[in-house]
file query.cif (mmCIF, C-alpha atoms and all ligand atoms)
data_final
#
loop_
_atom_site.label_atom_id
_atom_site.label_comp_id
_atom_site.auth_asym_id
_atom_site.auth_seq_id
_atom_site.Cartn_x
_atom_site.Cartn_y
_atom_site.Cartn_z
CA ASP A 1 56.52 -33.69 29.44
CA PRO A 2 56.27 -35.37 26.07
CA PRO A 3 53.97 -33.78 23.45
CA LEU A 4 50.24 -34.11 24.00
CA ARG A 5 49.89 -36.59 21.16
CA ASP A 6 52.29 -39.01 22.83
CA LEU A 7 50.51 -38.70 26.16
CA ALA A 8 47.17 -39.27 24.43
CA ALA A 9 48.46 -42.27 22.48
CA ALA A 10 49.59 -43.91 25.72
CA GLN A 11 45.97 -43.63 26.91
CA GLY A 12 44.59 -44.95 23.62
CA LYS A 13 43.14 -41.52 22.86
CA VAL A 14 43.46 -38.99 20.09
CA ILE A 15 44.19 -35.32 20.71
CA GLY A 16 43.27 -33.06 17.85
CA THR A 17 42.98 -29.49 16.72
CA ALA A 18 41.02 -27.57 14.14
CA VAL A 19 43.36 -25.94 11.64
CA THR A 20 43.46 -23.33 8.91
CA GLY A 21 45.35 -24.72 5.91
CA SER A 22 47.13 -21.52 4.91
CA LYS A 23 48.73 -21.24 8.35
CA LEU A 24 50.34 -24.70 8.40
CA THR A 25 53.93 -23.46 8.18
CA GLY A 26 56.38 -22.01 10.70
CA THR A 27 55.52 -22.20 14.39
CA TYR A 28 51.82 -22.87 13.73
CA GLY A 29 52.62 -25.86 11.53
CA ASP A 30 55.39 -27.14 13.81
CA THR A 31 53.11 -26.98 16.85
CA ALA A 32 50.16 -28.61 15.08
CA ALA A 33 52.42 -31.45 13.91
CA ARG A 34 54.26 -31.97 17.18
CA GLU A 35 51.39 -31.81 19.66
CA PHE A 36 48.32 -33.21 17.88
CA SER A 37 47.44 -36.61 16.45
CA SER A 38 44.32 -35.45 14.60
CA LEU A 39 43.42 -32.46 12.45
CA THR A 40 39.98 -31.09 11.62
CA PRO A 41 39.70 -28.49 8.86
CA GLY A 42 38.03 -25.52 10.55
CA ASN A 43 36.33 -24.39 7.36
CA ALA A 44 38.01 -26.04 4.37
CA MET A 45 35.65 -28.98 3.94
CA LYS A 46 32.39 -27.07 4.36
CA TRP A 47 30.12 -26.96 1.32
CA GLU A 48 30.68 -23.24 0.62
CA SER A 49 34.43 -23.89 0.65
CA VAL A 50 34.46 -26.90 -1.66
CA GLU A 51 31.72 -25.95 -4.14
CA PRO A 52 31.35 -22.16 -4.12
CA THR A 53 29.80 -22.23 -7.59
CA ARG A 54 27.61 -25.13 -8.58
CA GLY A 55 29.75 -27.75 -10.27
CA THR A 56 33.02 -25.88 -9.64
CA TYR A 57 35.06 -27.46 -6.89
CA ASN A 58 37.90 -26.07 -4.82
CA TRP A 59 39.70 -28.75 -2.86
CA ALA A 60 43.00 -26.91 -2.42
CA GLU A 61 42.86 -26.19 1.31
CA ALA A 62 41.20 -29.47 2.19
CA ASP A 63 43.80 -31.42 0.19
CA GLN A 64 46.58 -29.45 1.84
CA ILE A 65 45.36 -30.37 5.31
CA VAL A 66 44.87 -34.03 4.43
CA ASP A 67 48.38 -34.17 2.91
CA PHE A 68 49.90 -32.42 5.94
CA ALA A 69 48.21 -34.91 8.24
CA ALA A 70 49.46 -37.87 6.22
CA ALA A 71 53.01 -36.46 6.28
CA HIS A 72 52.87 -36.17 10.08
CA GLY A 73 51.11 -39.41 10.94
CA GLN A 74 47.90 -37.66 11.94
CA GLN A 75 44.26 -38.61 11.56
CA VAL A 76 41.77 -36.28 9.89
CA ARG A 77 38.19 -35.62 10.99
CA GLY A 78 36.14 -34.44 8.03
CA HIS A 79 33.93 -31.48 8.93
CA THR A 80 31.15 -31.23 7.81
CA LEU A 81 28.84 -32.63 5.11
CA VAL A 82 25.29 -31.57 6.00
CA TRP A 83 24.70 -28.35 7.92
CA HIS A 84 22.40 -25.34 7.87
CA SER A 85 25.32 -22.90 7.87
CA GLN A 86 28.21 -22.12 5.51
CA ASN A 87 26.36 -23.47 2.50
CA PRO A 88 27.11 -21.80 -0.84
CA GLY A 89 24.66 -19.11 -1.92
CA TRP A 90 23.50 -21.09 -4.94
CA LEU A 91 22.37 -23.88 -2.61
CA ALA A 92 21.06 -21.84 0.31
CA ASP A 93 19.11 -19.40 -1.84
CA GLY A 94 17.75 -21.91 -4.33
CA SER A 95 14.20 -23.19 -4.23
CA TRP A 96 14.37 -26.93 -4.52
CA THR A 97 11.87 -29.74 -4.71
CA ALA A 98 12.36 -32.61 -2.28
CA ALA A 99 13.63 -34.76 -5.13
CA GLN A 100 16.20 -32.14 -6.11
CA LEU A 101 17.35 -31.65 -2.54
CA GLY A 102 17.78 -35.37 -2.04
CA GLN A 103 19.83 -35.59 -5.23
CA LEU A 104 22.01 -32.63 -4.17
CA LEU A 105 22.62 -34.29 -0.81
CA ASP A 106 23.48 -37.66 -2.38
CA ASP A 107 25.81 -36.13 -4.98
CA HIS A 108 27.59 -33.87 -2.49
CA ILE A 109 28.33 -36.71 -0.12
CA ALA A 110 29.39 -39.12 -2.87
CA THR A 111 31.75 -36.49 -4.30
CA GLU A 112 33.35 -35.21 -1.11
CA VAL A 113 33.52 -38.43 0.87
CA GLY A 114 34.60 -40.27 -2.27
CA ARG A 115 37.47 -37.85 -2.83
CA TYR A 116 39.00 -38.66 0.55
CA LYS A 117 38.00 -42.32 0.67
CA GLY A 118 40.35 -44.30 2.89
CA ARG A 119 42.20 -41.21 4.13
CA LEU A 120 39.87 -39.86 6.83
CA ALA A 121 39.30 -41.41 10.22
CA ALA A 122 35.87 -39.88 10.70
CA TRP A 123 33.27 -37.57 9.21
CA ASP A 124 30.94 -35.17 10.95
CA VAL A 125 28.19 -36.22 8.57
CA VAL A 126 25.37 -34.18 10.08
CA ASN A 127 26.13 -31.04 12.07
CA GLU A 128 23.84 -29.33 14.58
CA PRO A 129 20.48 -30.95 13.77
CA PHE A 130 18.74 -29.93 17.02
CA ASN A 131 17.31 -26.87 18.72
CA GLU A 132 18.02 -26.27 22.40
CA ASP A 133 14.68 -27.82 23.45
CA GLY A 134 15.42 -31.02 21.55
CA THR A 135 13.12 -30.36 18.60
CA TYR A 136 14.59 -30.59 15.13
CA ARG A 137 16.15 -27.43 13.75
CA GLN A 138 14.23 -26.09 10.77
CA THR A 139 16.85 -26.17 8.04
CA LEU A 140 17.00 -26.46 4.30
CA TRP A 141 17.34 -30.22 4.77
CA TYR A 142 14.71 -30.73 7.43
CA ASN A 143 12.18 -28.54 5.71
CA GLY A 144 12.70 -30.29 2.38
CA LEU A 145 13.24 -33.90 3.39
CA GLY A 146 12.02 -34.24 6.97
CA THR A 147 14.04 -36.14 9.55
CA ASP A 148 14.95 -38.72 6.89
CA TYR A 149 17.74 -36.47 5.66
CA ILE A 150 19.85 -37.73 8.55
CA ALA A 151 19.57 -41.43 7.75
CA ARG A 152 20.00 -40.68 4.07
CA ALA A 153 23.20 -38.71 4.63
CA LEU A 154 24.67 -41.42 6.85
CA THR A 155 23.78 -44.13 4.33
CA ASP A 156 25.35 -42.11 1.51
CA ALA A 157 28.52 -41.53 3.53
CA ARG A 158 28.90 -45.22 4.40
CA ALA A 159 28.57 -46.14 0.73
CA ALA A 160 31.22 -43.60 -0.27
CA ASP A 161 33.79 -44.59 2.39
CA PRO A 162 33.06 -47.73 4.39
CA ALA A 163 36.16 -47.19 6.56
CA ALA A 164 35.34 -43.72 7.91
CA LYS A 165 33.57 -43.46 11.25
CA LEU A 166 30.32 -41.58 10.78
CA TYR A 167 29.33 -39.01 13.40
CA ILE A 168 26.47 -36.69 14.24
CA ASN A 169 27.90 -33.56 15.86
CA ASP A 170 26.20 -30.84 17.93
CA TYR A 171 26.80 -28.18 20.60
CA ASN A 172 25.28 -27.76 24.06
CA VAL A 173 24.96 -31.54 24.23
CA GLU A 174 27.88 -32.08 26.62
CA GLY A 175 25.77 -32.50 29.75
CA VAL A 176 22.55 -34.44 30.21
CA ASN A 177 19.81 -32.07 29.03
CA ALA A 178 16.87 -31.86 26.62
CA LYS A 179 19.08 -31.39 23.57
CA SER A 180 21.50 -34.22 24.38
CA THR A 181 18.56 -36.48 25.19
CA ALA A 182 17.07 -35.76 21.76
CA LEU A 183 20.42 -36.69 20.23
CA TYR A 184 20.51 -39.83 22.37
CA ASN A 185 17.04 -40.84 21.21
CA LEU A 186 17.98 -40.20 17.59
CA VAL A 187 21.12 -42.34 17.80
CA LYS A 188 19.17 -45.10 19.55
CA SER A 189 16.54 -45.12 16.84
CA LEU A 190 19.13 -45.04 14.04
CA LYS A 191 20.89 -48.03 15.61
CA GLU A 192 17.60 -49.90 15.94
CA ARG A 193 16.80 -49.23 12.29
CA GLY A 194 20.23 -50.38 11.11
CA VAL A 195 21.24 -46.96 9.82
CA PRO A 196 25.05 -46.60 9.83
CA ILE A 197 26.08 -44.42 12.78
CA ASP A 198 29.42 -44.84 14.56
CA GLY A 199 29.76 -41.88 16.80
CA VAL A 200 28.50 -38.78 18.47
CA GLY A 201 30.45 -35.52 18.49
CA LEU A 202 30.03 -33.25 21.49
CA GLN A 203 31.41 -29.92 20.28
CA ALA A 204 32.14 -28.53 23.75
CA HIS A 205 32.23 -24.78 23.18
CA LEU A 206 32.27 -24.07 26.91
CA ILE A 207 32.37 -21.08 29.24
CA LEU A 208 34.92 -20.66 32.03
CA GLY A 209 33.83 -22.40 35.22
CA GLN A 210 30.86 -24.07 33.54
CA VAL A 211 31.96 -27.58 32.64
CA PRO A 212 28.72 -29.59 32.93
CA SER A 213 28.80 -31.84 36.00
CA THR A 214 27.11 -34.59 33.98
CA LEU A 215 29.71 -34.63 31.19
CA GLN A 216 31.19 -38.06 31.94
CA GLN A 217 27.77 -39.56 32.64
CA ASN A 218 26.55 -38.22 29.31
CA ILE A 219 29.57 -39.59 27.41
CA GLN A 220 28.96 -42.93 29.11
CA ARG A 221 25.28 -43.11 28.16
CA PHE A 222 26.16 -42.67 24.47
CA ALA A 223 28.94 -45.24 24.78
CA ASP A 224 26.42 -47.64 26.29
CA LEU A 225 24.31 -47.28 23.13
CA GLY A 226 27.22 -48.77 21.22
CA VAL A 227 28.69 -45.69 19.57
CA ASP A 228 31.97 -43.85 19.97
CA VAL A 229 32.03 -40.37 21.43
CA ALA A 230 34.42 -37.57 20.56
CA LEU A 231 34.77 -34.09 21.98
CA THR A 232 35.10 -32.36 18.65
CA GLU A 233 35.44 -28.59 19.10
CA LEU A 234 36.61 -27.91 22.64
CA ASP A 235 37.27 -24.34 23.70
CA ILE A 236 36.65 -22.56 27.00
CA ARG A 237 36.07 -18.86 26.71
CA MET A 238 36.49 -16.20 29.36
CA GLN A 239 35.68 -12.54 29.67
CA LEU A 240 38.74 -10.51 28.64
CA PRO A 241 41.21 -9.54 29.89
CA ALA A 242 42.60 -12.88 31.04
CA ASP A 243 44.30 -12.94 34.44
CA THR A 244 46.05 -15.59 36.52
CA THR A 245 42.88 -16.55 38.39
CA LYS A 246 40.91 -17.08 35.21
CA LEU A 247 43.76 -18.95 33.54
CA ALA A 248 44.01 -21.27 36.55
CA GLN A 249 40.26 -21.94 36.38
CA GLN A 250 40.61 -22.60 32.67
CA LYS A 251 43.35 -25.13 33.37
CA ALA A 252 41.06 -26.93 35.81
CA ASP A 253 38.23 -26.85 33.26
CA TYR A 254 40.35 -28.25 30.43
CA GLN A 255 41.66 -30.94 32.72
CA ALA A 256 38.15 -31.91 33.82
CA VAL A 257 36.90 -32.17 30.23
CA VAL A 258 39.81 -34.27 28.99
CA ALA A 259 39.66 -36.46 32.11
CA ALA A 260 35.99 -37.19 31.45
CA CYS A 261 36.90 -38.50 28.00
CA ALA A 262 39.91 -40.40 29.31
CA ALA A 263 37.65 -42.18 31.80
CA VAL A 264 35.36 -43.69 29.15
CA THR A 265 36.78 -46.40 26.90
CA ARG A 266 34.58 -45.47 23.94
CA CYS A 267 35.56 -41.81 24.07
CA ALA A 268 37.92 -41.63 21.09
CA GLY A 269 39.50 -38.33 21.98
CA VAL A 270 39.35 -34.58 22.22
CA THR A 271 39.81 -31.95 19.52
CA VAL A 272 40.35 -28.30 20.40
CA TRP A 273 38.74 -25.74 18.09
CA GLY A 274 41.98 -23.99 17.22
CA PHE A 275 45.02 -24.50 19.46
CA THR A 276 46.07 -20.85 19.68
CA ASP A 277 44.15 -17.78 20.79
CA SER A 278 45.27 -16.13 17.53
CA ASP A 279 43.24 -18.67 15.53
CA SER A 280 40.00 -18.83 17.52
CA TRP A 281 36.50 -17.94 16.35
CA VAL A 282 35.48 -16.79 19.84
CA PRO A 283 36.45 -13.08 19.82
CA ASP A 284 34.71 -12.60 16.46
CA VAL A 285 31.41 -13.92 17.77
CA PHE A 286 31.30 -13.24 21.53
CA GLN A 287 32.01 -9.59 22.19
CA GLY A 288 34.50 -9.18 25.04
CA TYR A 289 35.28 -12.90 25.29
CA GLY A 290 38.33 -14.83 24.18
CA ALA A 291 41.53 -16.52 25.39
CA ALA A 292 39.62 -19.77 24.84
CA THR A 293 42.39 -22.10 23.62
CA PRO A 294 45.42 -23.81 25.22
CA TYR A 295 48.05 -21.54 23.62
CA ASP A 296 48.33 -17.77 23.70
CA GLU A 297 48.65 -15.62 20.56
CA ASN A 298 52.42 -16.11 20.59
CA TYR A 299 52.18 -19.91 20.68
CA ARG A 300 53.19 -20.12 24.30
CA PRO A 301 51.40 -22.90 26.16
CA LYS A 302 48.93 -21.55 28.73
CA PRO A 303 48.01 -23.26 32.01
CA ALA A 304 45.20 -24.92 30.03
CA TYR A 305 47.82 -26.79 28.01
CA TYR A 306 49.17 -28.32 31.21
CA GLY A 307 45.64 -29.19 32.31
CA ILE A 308 45.23 -31.26 29.16
CA ALA A 309 48.63 -32.88 29.70
CA LYS A 310 47.75 -33.76 33.26
CA ALA A 311 44.45 -35.37 32.29
CA LEU A 312 46.39 -37.48 29.77
CA GLY A 313 48.75 -38.75 32.43
CA GLY A 314 51.42 -36.05 32.21
CA SER A 315 52.80 -34.22 35.20
O1 LIG B 401 37.14 -16.43 4.22
C1 LIG B 401 36.55 -15.16 4.51
C2 LIG B 401 37.49 -14.05 4.16
O2 LIG B 401 37.71 -14.06 2.77
C3 LIG B 401 36.89 -12.72 4.62
O3 LIG B 401 37.79 -11.69 4.38
C4 LIG B 401 36.54 -12.76 6.11
C5 LIG B 401 35.87 -11.49 6.58
O4 LIG B 401 34.92 -11.74 7.58
O5 LIG B 401 35.68 -13.84 6.34
C6 LIG B 401 36.25 -15.09 6.00
O6 LIG B 401 35.30 -16.08 6.25
C7 LIG B 401 35.12 -16.39 7.63
C8 LIG B 401 35.46 -17.85 7.83
O7 LIG B 401 35.17 -18.22 9.16
C9 LIG B 401 36.92 -18.15 7.57
O8 LIG B 401 37.74 -17.44 8.48
C10 LIG B 401 33.67 -16.13 7.98
O9 LIG B 401 33.40 -14.75 7.91
C11 LIG B 401 33.37 -16.65 9.35
O10 LIG B 401 31.97 -16.57 9.59
C12 LIG B 401 33.79 -18.08 9.47
O11 LIG B 401 33.57 -18.48 10.80
C13 LIG B 401 33.61 -19.87 11.02
C14 LIG B 401 32.30 -20.32 11.66
O12 LIG B 401 32.37 -21.70 11.91
C15 LIG B 401 31.08 -20.05 10.81
O13 LIG B 401 29.94 -20.58 11.41
C16 LIG B 401 34.75 -20.17 11.95
O14 LIG B 401 36.00 -19.88 11.30
C17 LIG B 401 34.72 -21.64 12.35
O15 LIG B 401 35.68 -21.86 13.35
C18 LIG B 401 33.33 -21.97 12.88
O16 LIG B 401 33.29 -23.31 13.25
C19 LIG B 401 32.04 -23.79 13.77
C20 LIG B 401 31.95 -25.24 13.39
O17 LIG B 401 32.09 -25.41 12.00
C21 LIG B 401 30.65 -25.86 13.87
N1 LIG B 401 30.44 -25.63 15.28
C22 LIG B 401 30.58 -24.24 15.72
C23 LIG B 401 31.91 -23.66 15.28
C24 LIG B 401 32.08 -22.24 15.77
O18 LIG B 401 31.17 -21.37 15.16
#
call {"tool": "encode", "arguments": {"input": "query.cif", "output": "structure tokens"}}
result
Amino acid sequence: DPPLRDLAAAQGKVIGTAVTGSKLTGTYGDTAAREFSSLTPGNAMKWESVEPTRGTYNWAEADQIVDFAAAHGQQVRGHTLVWHSQNPGWLADGSWTAAQLGQLLDDHIATEVGRYKGRLAAWDVVNEPFNEDGTYRQTLWYNGLGTDYIARALTDARAADPAAKLYINDYNVEGVNAKSTALYNLVKSLKERGVPIDGVGLQAHLILGQVPSTLQQNIQRFADLGVDVALTELDIRMQLPADTTKLAQQKADYQAVVAACAAVTRCAGVTVWGFTDSDSWVPDVFQGYGAATPYDENYRPKPAYYGIAKALGGS
């Protein structure tokens, strides 16, 4: 089979991976370049990474990833501008008036989006705004600015790079449920108000054998609102150790997810959250779980890899 990125291109889709900048050499770099048509910095563009001390910026890893992508004809998804997590201590621990918070938000977006103007395909402007029941998550931004922080961030991002597609991204919104319906209602209301919103990111941190049956229907209902959809952080974790039965189930799951995107015109593509099990967040966070990506620790493609290929028209 040809590389995944060629299969995806033939379907008009993008296939991406999250990457760590320092690893983009050797087999890791070769594989990322050969197989994927989009890169997302796993951490490098988060606020704590780019402005660890107020007014002192560190763009080294983010620049490296953007340059690597340009050299290999890849898109970049910027991740992420406004989030409750991975904010620098000076920001998270500060006590800010609403006016100060709004100014911090505006300046951050102008600076970061402006730096990469014209070079990024998309931005995850707002990350994880909802609780599981569909209420708004109580964050620094929500508590200080109310729900308006979302429209404000999107408006700022559009002003700083009119060419980048602007997304709201969240997890556990892959199937039709209370959280995805809250996201749906938000996007609908933003569209009605003329706020710039181009897409919805469904992170898709899934569990073996639990691909939501309503995934394609959910993608379609967002598409019908007039926005793009992307699966932005796909991984499918299993209880360790992996065995042939679990790996076969994982192949079927990956194939089902990618097929659901392939079936909807406005689904732009799928990004895996790390392409190798040696570069996955899962074992650090879910005790006893792992093997969540399409390549093993030694960069050998797993059955899951072939599930993706098959969903993209490969054999
Ligand atoms: O950089 C430090 C390093 O200096 C230190 O030695 C090491 C010790 O723990 O930590 C390193 O920082 C870690 C960082 O990843 C870089 O590897 C943090 O501890 C760790 O918490 C952080 O985890 C990231 C996580 O977001 C934080 O929430 C994961 O790599 C990253 O994959 C993950 O990505 C998120 C998406 O942004 C949003 N959706 C969920 C997804 C998974 O949590």
call {"tool": "closest_residue", "arguments": {"input": "query.cif", "among": "A:Leu120, A:Val82, A:Val229, A:Ala71", "to": "ligand LIG 401 (chain B)", "atoms": "all atoms listed in the file"}}
result
A:Val82
call {"tool": "closest_residue", "arguments": {"input": "query.cif", "among": "A:Pro241, A:Pro301, A:Gly16, A:Gly274", "to": "Asn43 of chain A", "atoms": "all atoms listed in the file"}}
result
A:Gly274
call {"tool": "closest_residue", "arguments": {"input": "query.cif", "among": "A:Gln86, A:Thr17, A:Thr111, A:Thr53", "to": "Ala33 of chain A", "atoms": "all atoms listed in the file"}}
result
A:Thr17
call {"tool": "residues_near_ligand", "arguments": {"input": "query.cif", "ligand": "ligand LIG 401 (chain B)", "cutoff": "8 Å", "atoms": "only C-alpha atoms and all ligand atoms", "output": "list in words"}}
result
Ala18, Gly42, Asn43, Lys46, His79, Thr80, Ser85, Gln86, Asn127, Glu128, Asp170, Tyr171, Gln203, His205, Glu233, Trp273, Gly274, Ser280, Trp281, Val282 and Val285 of chain A
call {"tool": "write_last_selection", "arguments": {"input": "query.cif", "atoms": "C-alpha atoms", "output": "compact mmCIF listing (two decimals), keeping the file's coordinate frame"}}
result
# COMPACT_ATOMS: atom_id res chain seq x y z
CA ALA A 18 41.02 -27.57 14.14
CA GLY A 42 38.03 -25.52 10.55
CA ASN A 43 36.33 -24.39 7.36
CA LYS A 46 32.39 -27.07 4.36
CA HIS A 79 33.93 -31.48 8.93
CA THR A 80 31.15 -31.23 7.81
CA SER A 85 25.32 -22.90 7.87
CA GLN A 86 28.21 -22.12 5.51
CA ASN A 127 26.13 -31.04 12.07
CA GLU A 128 23.84 -29.33 14.58
CA ASP A 170 26.20 -30.84 17.93
CA TYR A 171 26.80 -28.18 20.60
CA GLN A 203 31.41 -29.92 20.28
CA HIS A 205 32.23 -24.78 23.18
CA GLU A 233 35.44 -28.59 19.10
CA TRP A 273 38.74 -25.74 18.09
CA GLY A 274 41.98 -23.99 17.22
CA SER A 280 40.00 -18.83 17.52
CA TRP A 281 36.50 -17.94 16.35
CA VAL A 282 35.48 -16.79 19.84
CA VAL A 285 31.41 -13.92 17.77
call {"tool": "atom_distance", "arguments": {"input": "query.cif", "atom1": "atom CA of Gly55 of chain A", "atom2": "atom CA of Gly78 of chain A"}}
result
20.5 Å
call {"tool": "closest_atom_pairs", "arguments": {"input": "query.cif", "of": "segment 135-204 of chain A", "to": "segment 258-266 of chain A", "cutoff": "12 Å", "atoms": "only C-alpha atoms", "output": "Markdown table"}}
result
| residue | atom | partner | partner_atom | distance |
| --- | --- | --- | --- | --- |
| A:Glu174 | CA | A:Ala260 | CA | 10.7 |
| A:Gly175 | CA | A:Ala260 | CA | 11.4 |
| A:Asp198 | CA | A:Arg266 | CA | 10.7 |
| A:Gly199 | CA | A:Arg266 | CA | 9.3 |
| A:Val200 | CA | A:Arg266 | CA | 10.6 |
| A:Gly201 | CA | A:Cys261 | CA | 11.9 |
| A:Leu202 | CA | A:Cys261 | CA | 10.8 |
| A:Ala204 | CA | A:Val258 | CA | 10.9 |
call {"tool": "atom_distance", "arguments": {"input": "query.cif", "atom1": "atom CA of Ser37 of chain A", "atom2": "atom CA of Tyr299 of chain A"}}
result
17.9 Å
